[in-house]
$ cat final_29.tsv   # TSV, C-alpha atoms
chain	number	residue	atom	x	y	z
A	293	MET	CA	-160.57	-155.06	-99.78
A	294	SER	CA	-164.08	-155.73	-101.01
A	295	SER	CA	-165.33	-153.64	-103.94
A	296	GLU	CA	-168.99	-154.29	-103.14
A	297	LYS	CA	-171.09	-151.27	-102.24
A	298	PRO	CA	-172.80	-151.27	-98.86
A	299	THR	CA	-176.51	-151.97	-99.08
A	300	THR	CA	-178.71	-148.98	-98.24
A	301	SER	CA	-181.85	-149.26	-96.12
A	302	LYS	CA	-183.98	-148.49	-99.21
A	303	GLU	CA	-182.28	-151.27	-101.19
A	304	SER	CA	-182.85	-153.66	-98.27
A	305	PHE	CA	-186.49	-152.73	-98.16
A	306	ASP	CA	-186.83	-153.21	-101.93
A	307	VAL	CA	-185.29	-156.67	-101.64
A	308	PHE	CA	-187.57	-157.53	-98.75
A	309	TYR	CA	-190.60	-156.19	-100.61
A	310	GLU	CA	-189.80	-158.36	-103.63
A	311	GLU	CA	-189.46	-161.39	-101.35
A	312	VAL	CA	-192.85	-160.66	-99.80
A	313	LYS	CA	-194.35	-160.34	-103.27
A	314	GLU	CA	-192.90	-163.70	-104.25
A	315	ILE	CA	-194.38	-165.33	-101.15
A	316	GLU	CA	-197.78	-163.74	-101.86
A	317	LYS	CA	-197.56	-164.86	-105.48
A	318	ARG	CA	-196.80	-168.42	-104.34
A	319	ASP	CA	-199.67	-168.40	-101.84
A	320	SER	CA	-202.08	-166.93	-104.39
A	321	VAL	CA	-202.06	-170.19	-106.37
A	322	LEU	CA	-203.29	-172.37	-103.54
A	323	THR	CA	-205.38	-175.38	-104.46
A	324	SER	CA	-209.16	-175.27	-104.41
A	325	SER	CA	-209.41	-176.89	-100.99
A	326	GLN	CA	-206.68	-174.62	-99.60
A	327	GLN	CA	-208.48	-171.52	-100.88
A	328	ILE	CA	-211.74	-172.72	-99.33
A	329	ASP	CA	-209.93	-173.33	-96.03
A	330	ARG	CA	-208.34	-169.87	-96.23
A	331	LEU	CA	-211.67	-168.12	-96.79
A	332	LEU	CA	-213.43	-170.08	-94.05
A	333	ARG	CA	-210.63	-170.22	-91.48
A	334	PRO	CA	-211.23	-169.14	-87.85
A	335	GLY	CA	-211.51	-165.36	-87.73
A	336	SER	CA	-212.42	-165.21	-91.42
A	337	THR	CA	-215.47	-163.08	-90.62
A	338	TYR	CA	-213.15	-160.14	-89.95
A	339	PHE	CA	-210.43	-161.01	-92.46
A	340	ASN	CA	-213.03	-161.21	-95.23
A	341	LEU	CA	-214.30	-157.69	-94.53
A	342	ASN	CA	-211.33	-156.53	-96.60
A	343	PRO	CA	-212.04	-157.36	-100.27
A	344	PHE	CA	-208.37	-156.96	-101.20
A	345	GLU	CA	-207.50	-159.55	-98.57
A	346	VAL	CA	-210.18	-161.91	-99.94
A	347	LEU	CA	-208.82	-161.66	-103.49
A	348	GLN	CA	-205.17	-161.65	-102.31
A	349	ILE	CA	-204.25	-158.50	-104.20
A	350	GLU	CA	-202.64	-155.18	-103.32
A	351	PRO	CA	-204.88	-152.09	-103.21
A	352	GLU	CA	-202.94	-150.34	-106.00
A	353	VAL	CA	-203.72	-153.11	-108.51
A	354	PRO	CA	-205.73	-151.84	-111.52
A	355	ILE	CA	-209.32	-152.95	-111.99
A	356	ASP	CA	-208.57	-155.25	-114.93
A	357	GLN	CA	-206.11	-157.21	-112.79
A	358	ILE	CA	-208.64	-157.33	-109.96
A	359	LYS	CA	-211.20	-158.79	-112.35
A	360	LYS	CA	-208.70	-161.36	-113.61
A	361	ARG	CA	-207.88	-162.40	-110.06
A	362	TYR	CA	-211.57	-162.64	-109.19
A	363	ARG	CA	-212.17	-165.01	-112.12
A	364	GLN	CA	-209.22	-167.20	-111.13
A	365	LEU	CA	-210.45	-167.58	-107.57
A	366	SER	CA	-214.12	-167.98	-108.46
A	367	ILE	CA	-213.18	-170.90	-110.72
A	368	LEU	CA	-211.02	-172.47	-108.01
A	369	VAL	CA	-213.71	-172.41	-105.32
A	370	HIS	CA	-216.77	-172.90	-107.55
A	371	PRO	CA	-219.15	-175.50	-106.04
A	372	ASP	CA	-219.30	-177.44	-109.32
A	373	LYS	CA	-215.52	-177.89	-109.14
A	374	ASN	CA	-215.67	-179.02	-105.50
A	375	GLN	CA	-218.41	-181.63	-105.41
A	376	ASP	CA	-216.87	-183.36	-102.37
A	377	ASP	CA	-217.08	-180.11	-100.35
A	378	LYS	CA	-219.93	-178.35	-102.12
A	379	GLU	CA	-221.47	-176.58	-99.12
A	380	ARG	CA	-218.22	-174.95	-97.98
A	381	ALA	CA	-217.29	-174.20	-101.58
A	382	GLN	CA	-220.58	-172.33	-101.99
A	383	LYS	CA	-219.79	-170.17	-98.97
A	384	ALA	CA	-216.29	-169.44	-100.27
A	385	PHE	CA	-217.69	-168.67	-103.72
A	386	GLU	CA	-220.13	-166.15	-102.20
A	387	ILE	CA	-217.28	-164.48	-100.28
A	388	ILE	CA	-215.29	-164.11	-103.52
A	389	ASN	CA	-218.32	-162.68	-105.32
A	390	ARG	CA	-219.04	-160.20	-102.54
A	391	ALA	CA	-215.44	-158.94	-102.62
A	392	TRP	CA	-215.61	-158.47	-106.38
A	393	LYS	CA	-218.93	-156.59	-106.17
A	394	ILE	CA	-217.32	-154.15	-103.74
A	395	LEU	CA	-214.22	-153.59	-105.85
A	396	GLU	CA	-215.87	-153.36	-109.27
A	397	ASN	CA	-217.90	-150.40	-108.03
A	398	GLU	CA	-215.83	-147.20	-108.14
A	399	VAL	CA	-217.52	-145.66	-105.10
A	400	THR	CA	-217.10	-148.65	-102.78
A	401	ARG	CA	-213.59	-149.37	-104.09
A	402	LYS	CA	-212.63	-145.77	-103.29
A	403	LYS	CA	-213.93	-146.25	-99.72
A	404	CYS	CA	-211.71	-149.32	-99.36
A	405	LEU	CA	-208.69	-147.43	-100.69
A	406	ASP	CA	-209.45	-144.64	-98.20
A	407	VAL	CA	-209.25	-147.25	-95.43
A	408	TYR	CA	-205.71	-148.15	-96.52
A	409	GLU	CA	-204.73	-144.49	-96.69
A	410	GLU	CA	-206.12	-143.84	-93.22
A	411	ALA	CA	-204.39	-146.95	-91.87
A	412	LYS	CA	-201.04	-145.73	-93.18
A	413	GLU	CA	-201.59	-142.24	-91.73
A	414	ARG	CA	-202.54	-143.65	-88.32
A	415	THR	CA	-199.58	-146.04	-88.31
A	416	ASP	CA	-197.16	-143.27	-89.26
A	417	HIS	CA	-198.62	-141.06	-86.53
A	418	MET	CA	-198.24	-143.86	-83.98
A	419	ILE	CA	-194.60	-144.36	-85.03
A	420	ALA	CA	-193.92	-140.62	-84.79
A	421	GLU	CA	-195.37	-140.56	-81.27
A	422	LYS	CA	-193.18	-143.51	-80.26
A	423	ARG	CA	-190.07	-141.79	-81.58
A	424	LYS	CA	-191.02	-138.55	-79.87
A	425	LYS	CA	-191.38	-140.37	-76.55
A	426	ILE	CA	-188.02	-142.12	-76.97
A	427	LYS	CA	-186.31	-138.82	-77.78
A	428	LYS	CA	-187.97	-137.08	-74.82
A	429	GLU	CA	-186.68	-139.79	-72.48
A	430	ASN	CA	-183.16	-139.47	-73.99
A	431	ARG	CA	-183.17	-143.10	-75.02
A	432	PHE	CA	-181.28	-144.27	-78.07
A	433	GLU	CA	-183.12	-147.25	-79.48
A	434	THR	CA	-185.08	-148.33	-82.48
A	435	ILE	CA	-188.74	-149.19	-82.56
A	436	PRO	CA	-190.21	-152.45	-83.92
A	437	GLU	CA	-191.76	-150.65	-86.90
A	438	ASP	CA	-188.25	-149.68	-88.11
A	439	ASP	CA	-188.22	-153.21	-89.47
A	440	PRO	CA	-190.01	-153.01	-92.86
A	441	ALA	CA	-191.79	-156.32	-92.23
A	442	LYS	CA	-193.15	-155.12	-88.90
A	443	TYR	CA	-194.08	-151.75	-90.41
A	444	LYS	CA	-196.05	-153.55	-93.13
A	445	HIS	CA	-197.68	-155.76	-90.50
A	446	ALA	CA	-198.62	-152.72	-88.39
A	447	ILE	CA	-200.40	-151.21	-91.38
A	448	TYR	CA	-202.07	-154.55	-92.08
A	449	VAL	CA	-203.37	-154.76	-88.49
A	450	MET	CA	-204.63	-151.17	-88.67
A	451	VAL	CA	-206.42	-151.91	-91.96
A	452	MET	CA	-208.19	-154.88	-90.37
A	453	LYS	CA	-209.17	-152.75	-87.38
A	454	LEU	CA	-210.60	-150.00	-89.57
A	455	PHE	CA	-212.60	-152.47	-91.66
A	456	ALA	CA	-213.94	-154.01	-88.44
A	457	ASP	CA	-214.89	-150.55	-87.17
A	458	MET	CA	-216.72	-149.87	-90.44
A	459	GLU	CA	-218.62	-153.13	-90.13
A	460	ARG	CA	-219.62	-152.38	-86.54
A	461	ARG	CA	-220.93	-148.95	-87.59
A	462	ARG	CA	-222.82	-150.55	-90.48
A	463	GLN	CA	-224.41	-153.07	-88.13
A	464	GLN	CA	-225.36	-150.32	-85.69
A	465	LEU	CA	-226.95	-148.30	-88.48
A	466	ASP	CA	-228.79	-151.40	-89.71
A	467	GLN	CA	-230.01	-152.10	-86.17
A	468	ARG	CA	-231.16	-148.49	-85.79
A	469	ASP	CA	-232.86	-148.63	-89.18
A	470	GLN	CA	-234.64	-151.88	-88.29
A	471	GLU	CA	-235.82	-150.43	-84.99
A	472	GLU	CA	-237.07	-147.29	-86.75
A	473	ARG	CA	-238.92	-149.34	-89.37
A	474	LYS	CA	-240.39	-151.52	-86.60
A	475	ARG	CA	-241.51	-148.42	-84.69
A	476	LYS	CA	-243.11	-146.97	-87.82
A	477	ARG	CA	-244.84	-150.25	-88.61
A	478	GLU	CA	-246.19	-150.51	-85.07
A	479	ALA	CA	-247.48	-146.93	-85.35
A	480	GLU	CA	-249.09	-147.79	-88.71
A	481	ILE	CA	-250.75	-150.90	-87.23
A	482	GLU	CA	-251.97	-148.86	-84.26
A	483	GLU	CA	-253.43	-146.24	-86.61
A	484	GLU	CA	-255.04	-148.93	-88.79
A	485	GLU	CA	-256.62	-150.50	-85.71
A	486	ARG	CA	-257.86	-147.09	-84.53
A	487	ILE	CA	-259.43	-146.37	-87.93
A	488	LYS	CA	-260.97	-149.85	-87.96
A	489	ALA	CA	-262.38	-149.33	-84.46
A	490	ASP	CA	-263.77	-145.90	-85.45
A	491	ARG	CA	-265.46	-147.38	-88.51
A	492	GLU	CA	-266.89	-150.24	-86.45
A	493	TRP	CA	-268.19	-147.78	-83.87
A	494	GLN	CA	-269.71	-145.59	-86.59
A	495	LYS	CA	-271.34	-148.61	-88.20
A	496	ASN	CA	-272.79	-149.78	-84.86
A	497	PHE	CA	-273.92	-146.26	-84.09
A	498	GLU	CA	-275.76	-145.99	-87.42
A	499	GLU	CA	-277.41	-149.35	-86.90
A	500	SER	CA	-278.40	-148.54	-83.32
A	501	ARG	CA	-279.58	-145.08	-84.38
A	502	GLN	CA	-282.04	-146.62	-86.82
A	503	SER	CA	-283.12	-149.01	-84.09
A	504	ARG	CA	-283.63	-146.11	-81.71
A	505	VAL	CA	-285.63	-144.20	-84.34
A	506	ASN	CA	-287.81	-147.24	-84.94
A	507	SER	CA	-288.28	-147.70	-81.20
A	508	TRP	CA	-289.26	-144.05	-80.87
A	509	HIS	CA	-291.75	-144.36	-83.68
A	510	ASP	CA	-293.19	-147.50	-82.11
A	511	PHE	CA	-293.36	-145.73	-78.78
A	512	GLN	CA	-295.10	-142.75	-80.30
A	513	ALA	CA	-297.53	-144.99	-82.20
A	514	GLY	CA	-298.31	-146.94	-79.04
A	515	LYS	CA	-298.78	-143.76	-77.06
A	516	SER	CA	-301.23	-142.46	-79.66
A	517	LYS	CA	-303.20	-145.69	-79.63
A	518	LYS	CA	-303.30	-145.67	-75.86
A	519	ALA	CA	-304.58	-142.08	-75.80
A	520	LYS	CA	-307.36	-142.94	-78.25
A	521	LYS	CA	-308.30	-145.99	-76.24
A	522	GLN	CA	-308.40	-143.99	-73.02
A	523	LYS	CA	-310.56	-141.39	-74.72
A	524	ARG	CA	-313.01	-144.05	-75.82
A	525	MET	CA	-313.09	-145.55	-72.38
A	526	GLN	CA	-313.69	-142.18	-70.86
A	527	GLY	CA	-316.57	-141.65	-73.29
A	528	LEU	CA	-318.23	-144.86	-72.21
A	529	MET	CA	-317.85	-144.08	-68.55
A	530	VAL	CA	-319.41	-140.59	-68.71
A	531	PRO	CA	-323.04	-140.74	-67.29
A	532	PRO	CA	-325.81	-139.41	-69.47
A	533	LYS	CA	-326.84	-135.86	-68.85
A	534	PHE	CA	-329.95	-135.49	-66.69
A	535	LYS	CA	-332.89	-134.01	-68.49
A	536	PRO	CA	-335.64	-132.49	-66.28
A	537	GLU	CA	-339.15	-133.73	-66.95
A	538	SER	CA	-341.39	-131.32	-68.68
A	539	ARG	CA	-344.80	-130.65	-67.23
$ encode --input "final_29.tsv" --output "structure tokens"
Amino acid sequence: MSSEKPTTSKESFDVFYEEVKEIEKRDSVLTSSQQIDRLLRPGSTYFNLNPFEVLQIEPEVPIDQIKKRYRQLSILVHPDKNQDDKERAQKAFEIINRAWKILENEVTRKKCLDVYEEAKERTDHMIAEKRKKIKKENRFETIPEDDPAKYKHAIYVMVMKLFADMERRRQQLDQRDQEERKRKREAEIEEEERIKADREWQKNFEESRQSRVNSWHDFQAGKSKKAKKQKRMQGLMVPPKFKPESR
């Protein structure tokens, strides 16, 4: 009779978790070219939205370990170290830097940690709903997420989805902001053109007003001269008064 104790589900999960950690540790020391390929692989646009995914670290890792990991990766993919693939290395280097900038800031790091927390809550809720449905239908079966690996993967997928949702909202806000700034700028240009047109009109009006005043003065002067001339002409045309002869 065997004296070995049966393995509990928690112990199995702990063993599995350690195995996963070993695999992640092995993958985390990829070569420079492999790291560049990983960061620029198809679909990387969405994978790289998660800074923890970019740096290949767990969200509970302390900031000093995050910084250490950032330095390791930034050295591996640095363009100077990858002269034969400098352009792609530069892109990978920028992705690493962007992830570090997010995580070194307490506020943005907290937002990322909140994403993980929400992903776990949503996944747990989804699992609870599945179990409730199975129980309601009087079925006796397990669900895929009972497997620790699949449970971890479900959370991973949910994390990616939430980061993608955040990015879409950010893009929508940026688009709205750009449209608002464009609308304001167009309104400013329209107002500037209106003011310019008003000034031009006022300038032309002032110039034409002086011209009209001068024309009026000329008209008045000409009218006066004409009146005097007519008066003189009338004086010449008046016959002399008849004087009766005196006897």
$ residues_around --input "final_29.tsv" --residues "Arg401 (chain A)" --least-positions-apart "6" --cutoff "10 Å" --atoms "only C-alpha atoms" --output "VMD selection string"
chain A and resid 343 to 344 351 355 391 to 395 407
$ closest_residue --input "final_29.tsv" --among "A:His417, A:Lys444, A:Arg330, A:Lys488" --to "Ile387 (chain A)" --atoms "all atoms listed in the file"
A:Arg330
$ residues_near_point --input "final_29.tsv" --point "(-198.3, -147.9, -93.0)" --cutoff "6 Å" --atoms "all atoms listed in the file" --output "PyMOL selection string"
chain A and resi 412+415+447
$ closest_residue --input "final_29.tsv" --among "A:Pro334, A:Phe432, A:Glu398, A:Leu365" --to "Ile349 (chain A)" --atoms "all atoms listed in the file"
A:Leu365
$ residues_around --input "final_29.tsv" --residues "Asp329 (chain A)" --least-positions-apart "3" --cutoff "12 Å" --atoms "all atoms listed in the file" --output "VMD selection string"
chain A and resid 322 to 326 332 to 336 369 377 380 to 381 383 to 385
$ residues_around --input "final_29.tsv" --residues "Arg361 (chain A)" --least-positions-apart "4" --cutoff "9 Å" --atoms "only C-alpha atoms" --output "list in words"
Leu347, Gln348, Ile349, Asp356, Gln357, Leu365 and Ser366 of chain A
$ atom_distance --input "final_29.tsv" --atom1 "CA of Glu396 (chain A)" --atom2 "CA of Tyr408 (chain A)"
17.1 Å
$ closest_residue --input "final_29.tsv" --among "A:Ala441, A:Met458, A:Lys425, A:Thr434" --to "Lys403 (chain A)" --atoms "only C-alpha atoms"
A:Met458
$ closest_residue --input "final_29.tsv" --among "A:Pro354, A:Ile419, A:Asn389, A:Asn340" --to "Asp439 (chain A)" --atoms "all atoms listed in the file"
A:Ile419
$ atom_distance --input "final_29.tsv" --atom1 "CA of Lys424 (chain A)" --atom2 "CA of Tyr443 (chain A)"
17.2 Å
$ atom_distance --input "final_29.tsv" --atom1 "CA of Asn397 (chain A)" --atom2 "CA of Ile358 (chain A)"
11.7 Å
$ residues_around --input "final_29.tsv" --residues "Asp416 (chain A)" --least-positions-apart "2" --cutoff "12 Å" --atoms "only C-alpha atoms" --output "list in words"
Glu409, Glu410, Ala411, Lys412, Glu413, Arg414, Met418, Ile419, Ala420, Glu421, Lys422, Arg423, Glu437, Asp438, Tyr443, Lys444, Ala446, Ile447 and Met450 of chain A
$ closest_residue --input "final_29.tsv" --among "A:Ile481, A:Leu465, A:Cys404, A:Val451" --to "Glu352 (chain A)" --atoms "all atoms listed in the file"
A:Cys404
$ closest_residue --input "final_29.tsv" --among "A:Asp372, A:Glu345, A:Glu480, A:Glu472" --to "Phe455 (chain A)" --atoms "only C-alpha atoms"
A:Glu345
